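A.B. asks: Here it is, the structure in full.
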Amino acid sequence: MAVLQQVFGDPPLPSCSVSGEVTTIGRHEDCNVIVPLPAVSRFHARMSCEDNRFFVEDLGSRNGTHVNGRQVLERTPLSDGDQLEFSALAYRFATQDSPSEASGIRGVRAKVMSGADAASDNGDSIRRRIVSHGDSISSDDLGSDPVREEQVVSRMLVTNVGAWPVLTGATQKLNHVLRMINGLRRAIGYDDVISRALQNLFDIFRSAERIAVVIKRQYSNDIRVAAAVSRQADEEVQICLPVVRSCMQNDEAMLYVDHWKGSAADGSELGNGSMRSIICVPLVGLAEHSIGAIQIDCQNARRPLNKEHLEQLIDVCQVISFALEQATAAEVEITRTVVETNVASAERFRSQLAPMDPPALNGYRVAHELIPAAETATDLIDYLVLPDGSVACLLLDATGREPGASDLLAWLARQLIVAVAETGSKLEAIRQTEQVLSGRLGQLPTVTSVAVMLLDPQCCSVTMSVAGHCSLWRIDGQQVTELDSPEVIGSPLNHGRQVHLQSEYQLNDNDIILVFSGGITKLTSPSGSTLSRSETANLIEEAAIADRTVFESRLRHLLNSYRGDAPLVDDVTFMVIHRAGMSETILSPAASAVDSETRHV
């Protein structure tokens, strides 16, 4: 018979017996030796015994098996005293005739549990709360009740980093700190830091049964539960609210012993009450103030948490605090870089693809306005004068914000303009464009809306084909009408479209055809209310009362007044076709003055 003795532990768990012909090691519950660490494979390694000789072989694990520092590539014989490593977990192999510590299989599982607050009148000595990942705890819930001094075993200040405790077991403490540093080197992002830290904490503190991590919310004293993990399945995790609050407020680590009483349904031991040792250490940031705390508790009276554990947790919490602040700073920098890149891309897109001045037509005025969102541009306007003198007006709107939306719109614009020029039909242009899209992309990555309007000055008519979320309006004399019937506006491009629609409208003197991009439905006021259809109609009516040669500039002013300083989540773009009278040629104001936001070229 032989045993596997854990090399690291504080103290190490009882040895694992290796008996019989085959012993499997891994995370899976069917293994003889269960090691519930993510770095350990489900079936990591296998040990076998033949003629009283022991062998080990790796089962294709992700992180490998090592004997005395050398990776196991084939079935390898073992000698008494060899050190085995399954991923980063180290064991000493020892042969014995009658093991005194071969006490079963190590098998623990981390699971987050949730539940209600522990009752304050059930005989417990301290106010506690059952927590799970993502819970929020207000400063009022944390309360102001003091910690019972007679139950505090030890306290240590942690703000002075030059006074890290190294009173006993200095070599082992350094080893644990280095292992934590190594474990966090590969962490990507804030949540990954916490996840990897938990793995190492359970490995470092063998006595720990439950671990909770709380993070203080910025600009308040409320806290958020970033992790609440237990070794045993189906076991709740509770935090001692006064202890956590005191540690964060005073930047002070604490070892606390508490009488823990549970319900009779939890089992006789909990029902009758038990003692738990608790260590809580604040996570102190670079500015020497607490950004959160870690609580570890243990119910095992034979292996309670002690002052050395408190010292060790203070040391590793310095590493965790540094890693969390670095992860936060990296995420802020990445977000800033992405925003700057999007803004630069939007400006470049607008400068390169913004439409030329609307064409000047005898008796007609074609104009447009663009109120751009801050981060990116996904609306596009363009015009094309056809050989017969008619003018094709094009508006494209992609509601998605993913990378490539601007490039997609530029490609669509080129495709539609070519198709309109070749066919002279807006309906046929949209049909051909969708056929090309189906062949090249299969399915558009965004909901893409298109409005193509063909102005025929000779016939005084506008023929339209609209697909998607564009909003279409007509001003006939003093009457404002939304053209929103299914016979007028079809579904977005390449999103289950079965029919292609085309409508024709006659224009009388001073009539206007107006089309909005989908951003008009997302325009919000400072109070958070969204612009409704009736409010949109009122703004259009107000803009149309005055001189209609400046209709678009007045409408833009009214839209900006409605939203005030509320941010835009999407571009708001609209295009105007105005019949001003056959005897006059009118240029859009955009043709003679460049608007700094619209940026007409």
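Just remember, in the structure tokens the first chain shown is A, the second B, etc., residues are 1-based per chain, and ligands are 1-based in the order shown.
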Set the distance at 6 Å and use only C-alpha atoms: which residues neighbour Ser525 in chain A once local chain neighbours fewer than 6 positions away are removed? I'd like the list as a PyMOL selection string.

C.D. replies: chain A and resi 562-563+566

A.B. asks: Find the residues near Gln312 in chain A: any atom within 6 Å, counting only C-alpha atoms, skip ones fewer than 3 places away on the same chain, and give them as JSON, numbers by chain.

C.D. replies: {"A": [173, 309, 315]}

A.B. asks: Those same residues, written as a PDB file, in the first residue's frame with N, CA and C atoms?

C.D. replies:
```pdb
ATOM      1  N   LYS A 173       5.099  31.514   3.603  1.00  0.00           N
ATOM      2  CA  LYS A 173       4.330  32.686   3.200  1.00  0.00           C
ATOM      3  C   LYS A 173       4.817  33.228   1.854  1.00  0.00           C
ATOM      4  N   HIS A 309      -2.770  32.054   9.592  1.00  0.00           N
ATOM      5  CA  HIS A 309      -3.627  32.187   8.409  1.00  0.00           C
ATOM      6  C   HIS A 309      -3.957  33.652   8.154  1.00  0.00           C
ATOM      7  N   ASP A 315      -0.937  39.039   3.349  1.00  0.00           N
ATOM      8  CA  ASP A 315       0.094  39.087   2.303  1.00  0.00           C
ATOM      9  C   ASP A 315      -0.500  38.858   0.919  1.00  0.00           C
TER      10      ASP A 315
END
```

A.B. asks: For the atom pair CA of Arg365 in chain A and CA of Ile577 in chain A, what is the interatomic distance in Å to one decimal place?

C.D. replies: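 Result for CA of Arg365 in chain A versus CA of Ile577 in chain A: 6.0 Å, one decimal.
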
A.B. asks: Would you please work out which residue, of A:Asn508, A:Asn560, A:Val243, A:Thr481, is nearest to Ser534 in chain A when using only C-alpha atoms?

C.D. replies: A:Thr481

A.B. asks: Within 7 Å of Cys49 in chain A, counting only C-alpha atoms, which residues show up once you throw out same-chain ones fewer than 4 positions away? Write them as a list in words, please.

C.D. replies: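 Counting only C-alpha atoms, the residues come to Glu21, Val22, Arg53, Phe54 and Phe55 of chain A.
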
A.B. asks: Provide the CA of Ile512 in chain A to CA of His469 in chain A distance in Å, to one decimal place.

C.D. replies: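 Computed distance, CA of Ile512 in chain A to CA of His469 in chain A, equals 19.9 Å.
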